[in-house]
Amino acid sequence: MTLLVLLAPTALLAVCSPLAILALPTLAWRFASSDTLYWQTGFHYDAVLVPIIFLAALDGLGRLRARARLPVIMSGLVPVCASAMAAWSVLHLVPKVPQPLWTSAQIRLVNDALARVPDGVLVAASNRLAPHLTNRDTVMLFPLSDRTRLPEWIVAAKPFVPWPAPAAQQQQQLTHLADDGYRVVVDDGVVEVLRRAG
């Protein structure tokens, strides 16, 4: 399905170009991984491949047109029509796009909570909050897998997404952080921010 989703929008023209080889290393590490999330299309893992596939499709179209000596209008019209049909069929096979994680009101709560974390600190953050902090802080993922290096701040998104650990494990770690000297700074039901004393 992943290969179909990548190649169908270009009417499979990318396979007519040697440029498509540039996509193989990324596809190889994804499909060789035991993490099945890498095999799917629902995340950002195709982002690096799409430009390669589209450039390969343009090159492939040029190669086919030169080989068949078709007029420009014919050589362009056929792939565009085939691409539209392929994209339509693929979109009916792929699950619908999920709703946003947070509402506008919740996003304001997230932004207010993240504003409490100062710049230049070591912070452990949930996967969906970490990107919002990496431009100003040193970020580790929450839940903590290495208890020998405790961050000064912890930012956990709720409800818990079961990655990189099951939700129950994340909740259990959050509950026991007081034992490591953490106190709650913010808990608005969407984000919990904790700071380590000392």
# chains A, B, ... in the order shown; residues from 1 in each chain; ligands from 1
call {"tool": "residues_around", "arguments": {"residues": "A:Leu101", "least_positions_apart": "2", "cutoff": "12 Å", "atoms": "only C-alpha atoms", "output": "list in words"}}
result
Val97, Pro98, Gln99, Thr103, Ser104, Ala105, Gln106, Ile107, Val110, Arg128, Leu129, Ala157, Lys158, Pro159, Phe160, Val161 and Val190 of chain A
call {"tool": "residues_around", "arguments": {"residues": "stretch 37-40 of chain A", "least_positions_apart": "4", "cutoff": "12 Å", "atoms": "only C-alpha atoms", "output": "short mmCIF file (atom, residue, chain, number, x, y, z; two decimals) with N, CA and C atoms, in the first residue's frame"}}
result
data_model
loop_
_atom_site.label_atom_id
_atom_site.label_comp_id
_atom_site.auth_asym_id
_atom_site.auth_seq_id
_atom_site.Cartn_x
_atom_site.Cartn_y
_atom_site.Cartn_z
N MET A 1 0.83 -1.19 0.00
CA MET A 1 0.00 0.00 0.00
C MET A 1 0.88 1.26 0.00
N THR A 2 1.95 1.24 0.78
CA THR A 2 2.84 2.40 0.85
C THR A 2 3.44 2.71 -0.53
N LEU A 3 3.89 1.69 -1.23
CA LEU A 3 4.46 1.91 -2.57
C LEU A 3 3.40 2.43 -3.53
N LEU A 4 2.18 1.90 -3.43
CA LEU A 4 1.10 2.36 -4.29
C LEU A 4 0.78 3.83 -4.03
N VAL A 5 0.71 4.20 -2.76
CA VAL A 5 0.42 5.59 -2.41
C VAL A 5 1.52 6.52 -2.90
N LEU A 6 2.76 6.06 -2.88
CA LEU A 6 3.87 6.89 -3.36
C LEU A 6 3.90 7.03 -4.88
N THR A 26 15.91 4.85 1.64
CA THR A 26 14.91 5.21 2.64
C THR A 26 13.84 4.13 2.74
N LEU A 27 13.37 3.63 1.60
CA LEU A 27 12.39 2.55 1.63
C LEU A 27 12.96 1.30 2.28
N ALA A 28 14.23 1.01 2.00
CA ALA A 28 14.86 -0.19 2.56
C ALA A 28 14.91 -0.14 4.08
N TRP A 29 15.36 0.99 4.66
CA TRP A 29 15.45 1.02 6.12
C TRP A 29 14.06 1.01 6.75
N ARG A 30 13.08 1.63 6.07
CA ARG A 30 11.72 1.61 6.62
C ARG A 30 11.14 0.20 6.63
N PHE A 31 11.24 -0.49 5.50
CA PHE A 31 10.64 -1.81 5.40
C PHE A 31 11.44 -2.88 6.14
N ALA A 32 12.72 -2.63 6.39
CA ALA A 32 13.53 -3.59 7.15
C ALA A 32 13.30 -3.45 8.65
N SER A 33 12.70 -2.36 9.06
CA SER A 33 12.48 -2.12 10.48
C SER A 33 11.40 -3.05 11.04
N HIS A 44 4.85 11.06 8.69
CA HIS A 44 5.66 11.94 7.86
C HIS A 44 6.79 11.22 7.13
N TYR A 45 6.84 9.92 7.19
CA TYR A 45 8.00 9.19 6.66
C TYR A 45 8.11 9.25 5.14
N ASP A 46 7.03 9.60 4.44
CA ASP A 46 7.08 9.73 2.99
C ASP A 46 7.58 11.10 2.54
N VAL A 94 -7.28 4.41 1.39
CA VAL A 94 -6.58 4.89 2.58
C VAL A 94 -7.61 5.37 3.60
N PRO A 95 -7.41 5.06 4.90
CA PRO A 95 -8.35 5.53 5.92
C PRO A 95 -8.46 7.05 5.92
N TRP A 163 2.79 5.73 22.71
CA TRP A 163 4.15 5.68 22.15
C TRP A 163 4.95 6.78 22.80
N PRO A 164 6.12 6.57 23.23
CA PRO A 164 6.99 5.41 23.05
C PRO A 164 6.79 4.33 24.10
#
call {"tool": "closest_residue", "arguments": {"among": "A:Pro118, A:Pro9, A:Pro162, A:Pro131", "to": "A:Arg195", "atoms": "only C-alpha atoms"}}
result
A:Pro118
call {"tool": "select_by_dssp", "arguments": {"residues": "stretch 21-191 of chain A", "states": "helix (DSSP H, G or I)", "output": "MDAnalysis selection string"}}
result
chainID A and resid 21:32 36:39 49:68 72:93 104:115 130:132 167:180
call {"tool": "residues_around", "arguments": {"residues": "A:Ala113", "least_positions_apart": "6", "cutoff": "7 Å", "atoms": "only C-alpha atoms", "output": "tab-separated table (two decimals) with all heavy atoms, in the first residue's frame"}}
result
chain	number	residue	atom	x	y	z
A	186	VAL	N	1.78	22.96	36.32
A	186	VAL	CA	0.54	23.12	35.55
A	186	VAL	C	-0.08	21.75	35.37
A	186	VAL	O	0.62	20.79	35.05
A	186	VAL	CB	0.81	23.73	34.14
A	186	VAL	CG1	-0.48	23.77	33.32
A	186	VAL	CG2	1.41	25.10	34.23
A	191	VAL	N	-2.26	19.30	29.38
A	191	VAL	CA	-0.80	19.20	29.57
A	191	VAL	C	-0.52	19.25	31.07
A	191	VAL	O	-1.15	20.01	31.80
A	191	VAL	CB	-0.08	20.38	28.88
A	191	VAL	CG1	1.41	20.32	29.14
A	191	VAL	CG2	-0.35	20.41	27.39
A	193	VAL	N	2.74	19.94	33.51
A	193	VAL	CA	4.11	20.41	33.57
A	193	VAL	C	4.61	20.23	34.99
A	193	VAL	O	3.95	20.65	35.94
A	193	VAL	CB	4.19	21.92	33.17
A	193	VAL	CG1	5.62	22.43	33.27
A	193	VAL	CG2	3.65	22.13	31.76
call {"tool": "atom_distance", "arguments": {"atom1": "atom CA of A:Ala115", "atom2": "atom CA of A:Asn135"}}
result
13.1 Å
call {"tool": "closest_residue", "arguments": {"among": "A:Leu12, A:Val155, A:Val184, A:Ala197", "to": "A:Ala130", "atoms": "only C-alpha atoms"}}
result
A:Val155
call {"tool": "residues_around", "arguments": {"residues": "A:Glu152", "least_positions_apart": "3", "cutoff": "7 Å", "atoms": "only C-alpha atoms", "output": "NGL selection string"}}
result
:A and (121-123 or 195-196)
call {"tool": "write_last_selection", "arguments": {"atoms": "N, CA and C atoms", "output": "mmCIF file, in the first residue's frame"}}
result
data_model
loop_
_atom_site.group_PDB
_atom_site.id
_atom_site.type_symbol
_atom_site.label_atom_id
_atom_site.label_comp_id
_atom_site.auth_asym_id
_atom_site.auth_seq_id
_atom_site.Cartn_x
_atom_site.Cartn_y
_atom_site.Cartn_z
ATOM 1 N N VAL A 121 16.838 24.854 29.141
ATOM 2 C CA VAL A 121 16.822 23.835 30.193
ATOM 3 C C VAL A 121 16.713 22.441 29.573
ATOM 4 N N LEU A 122 16.968 21.431 30.377
ATOM 5 C CA LEU A 122 16.771 20.046 29.983
ATOM 6 C C LEU A 122 15.344 19.670 30.349
ATOM 7 N N VAL A 123 14.567 19.240 29.349
ATOM 8 C CA VAL A 123 13.152 18.930 29.569
ATOM 9 C C VAL A 123 12.811 17.604 28.905
ATOM 10 N N ARG A 195 8.222 20.406 37.624
ATOM 11 C CA ARG A 195 9.590 20.901 37.791
ATOM 12 C C ARG A 195 10.232 20.167 38.947
ATOM 13 N N ARG A 196 11.494 19.846 38.762
ATOM 14 C CA ARG A 196 12.242 19.146 39.808
ATOM 15 C C ARG A 196 12.847 20.152 40.756
#
call {"tool": "atom_distance", "arguments": {"atom1": "atom CA of A:Arg67", "atom2": "atom CA of A:Ala23"}}
result
24.2 Å
call {"tool": "atom_distance", "arguments": {"atom1": "atom CA of A:Pro143", "atom2": "atom CA of A:Gly181"}}
result
16.0 Å
call {"tool": "closest_residue", "arguments": {"among": "A:Ser126, A:Met140, A:Leu22, A:Pro51", "to": "A:Ala167", "atoms": "only C-alpha atoms"}}
result
A:Ser126
call {"tool": "select_by_dssp", "arguments": {"residues": "chain A", "states": "strand (DSSP E or B)", "output": "list in words"}}
result
Leu122, Val123, Ala124, Ala125, Thr138, Val139, Met140, Leu141, Trp153, Ile154, Val155, Ala156, Ala157, Tyr182, Arg183, Val184, Val185, Val186, Asp187, Val191, Glu192, Val193, Leu194, Arg195 and Arg196 of chain A
call {"tool": "write_last_selection", "arguments": {"atoms": "N, CA and C atoms", "output": "mmCIF file, in the first residue's frame"}}
result
data_model
loop_
_atom_site.group_PDB
_atom_site.id
_atom_site.type_symbol
_atom_site.label_atom_id
_atom_site.label_comp_id
_atom_site.auth_asym_id
_atom_site.auth_seq_id
_atom_site.Cartn_x
_atom_site.Cartn_y
_atom_site.Cartn_z
ATOM 1 N N LEU A 122 16.968 21.431 30.377
ATOM 2 C CA LEU A 122 16.771 20.046 29.983
ATOM 3 C C LEU A 122 15.344 19.670 30.349
ATOM 4 N N VAL A 123 14.567 19.240 29.349
ATOM 5 C CA VAL A 123 13.152 18.930 29.569
ATOM 6 C C VAL A 123 12.811 17.604 28.905
ATOM 7 N N ALA A 124 12.009 16.793 29.584
ATOM 8 C CA ALA A 124 11.463 15.574 28.994
ATOM 9 C C ALA A 124 10.037 15.898 28.584
ATOM 10 N N ALA A 125 9.705 15.616 27.324
ATOM 11 C CA ALA A 125 8.388 15.986 26.807
ATOM 12 C C ALA A 125 7.766 14.832 26.048
ATOM 13 N N THR A 138 16.954 21.643 25.524
ATOM 14 C CA THR A 138 17.452 20.297 25.246
ATOM 15 C C THR A 138 16.332 19.347 25.639
ATOM 16 N N VAL A 139 15.872 18.535 24.698
ATOM 17 C CA VAL A 139 14.655 17.750 24.905
ATOM 18 C C VAL A 139 14.944 16.260 24.876
ATOM 19 N N MET A 140 14.381 15.559 25.859
ATOM 20 C CA MET A 140 14.367 14.104 25.900
ATOM 21 C C MET A 140 12.900 13.692 25.780
ATOM 22 N N LEU A 141 12.669 12.433 25.470
ATOM 23 C CA LEU A 141 11.284 11.970 25.375
ATOM 24 C C LEU A 141 10.762 11.509 26.729
ATOM 25 N N TRP A 153 12.711 19.768 33.976
ATOM 26 C CA TRP A 153 11.302 19.938 33.654
ATOM 27 C C TRP A 153 10.765 18.708 32.937
ATOM 28 N N ILE A 154 9.483 18.422 33.143
ATOM 29 C CA ILE A 154 8.778 17.364 32.422
ATOM 30 C C ILE A 154 7.462 17.955 31.925
ATOM 31 N N VAL A 155 7.167 17.685 30.648
ATOM 32 C CA VAL A 155 5.933 18.165 30.035
ATOM 33 C C VAL A 155 5.236 16.960 29.398
ATOM 34 N N ALA A 156 4.070 16.600 29.929
ATOM 35 C CA ALA A 156 3.343 15.423 29.455
ATOM 36 C C ALA A 156 1.996 15.822 28.865
ATOM 37 N N ALA A 157 1.726 15.341 27.651
ATOM 38 C CA ALA A 157 0.450 15.613 26.980
ATOM 39 C C ALA A 157 -0.582 14.583 27.404
ATOM 40 N N TYR A 182 9.829 15.979 41.970
ATOM 41 C CA TYR A 182 9.097 16.837 41.040
ATOM 42 C C TYR A 182 7.818 17.353 41.695
ATOM 43 N N ARG A 183 7.468 18.597 41.355
ATOM 44 C CA ARG A 183 6.183 19.133 41.796
ATOM 45 C C ARG A 183 5.435 19.647 40.572
ATOM 46 N N VAL A 184 4.124 19.575 40.617
ATOM 47 C CA VAL A 184 3.280 19.987 39.492
ATOM 48 C C VAL A 184 3.233 21.511 39.420
ATOM 49 N N VAL A 185 3.520 22.049 38.248
ATOM 50 C CA VAL A 185 3.451 23.487 37.998
ATOM 51 C C VAL A 185 2.147 23.810 37.275
ATOM 52 N N VAL A 186 1.781 22.963 36.318
ATOM 53 C CA VAL A 186 0.538 23.123 35.552
ATOM 54 C C VAL A 186 -0.081 21.749 35.369
ATOM 55 N N ASP A 187 -1.388 21.658 35.565
ATOM 56 C CA ASP A 187 -2.146 20.462 35.198
ATOM 57 C C ASP A 187 -3.531 20.931 34.795
ATOM 58 N N VAL A 191 -2.261 19.303 29.385
ATOM 59 C CA VAL A 191 -0.803 19.204 29.573
ATOM 60 C C VAL A 191 -0.523 19.253 31.067
ATOM 61 N N GLU A 192 0.422 18.436 31.483
ATOM 62 C CA GLU A 192 0.910 18.494 32.853
ATOM 63 C C GLU A 192 2.386 18.872 32.794
ATOM 64 N N VAL A 193 2.742 19.937 33.514
ATOM 65 C CA VAL A 193 4.108 20.415 33.570
ATOM 66 C C VAL A 193 4.610 20.232 34.989
ATOM 67 N N LEU A 194 5.777 19.610 35.110
ATOM 68 C CA LEU A 194 6.376 19.388 36.419
ATOM 69 C C LEU A 194 7.795 19.946 36.437
ATOM 70 N N ARG A 195 8.222 20.406 37.624
ATOM 71 C CA ARG A 195 9.590 20.901 37.791
ATOM 72 C C ARG A 195 10.232 20.167 38.947
ATOM 73 N N ARG A 196 11.494 19.846 38.762
ATOM 74 C CA ARG A 196 12.242 19.146 39.808
ATOM 75 C C ARG A 196 12.847 20.152 40.756
#
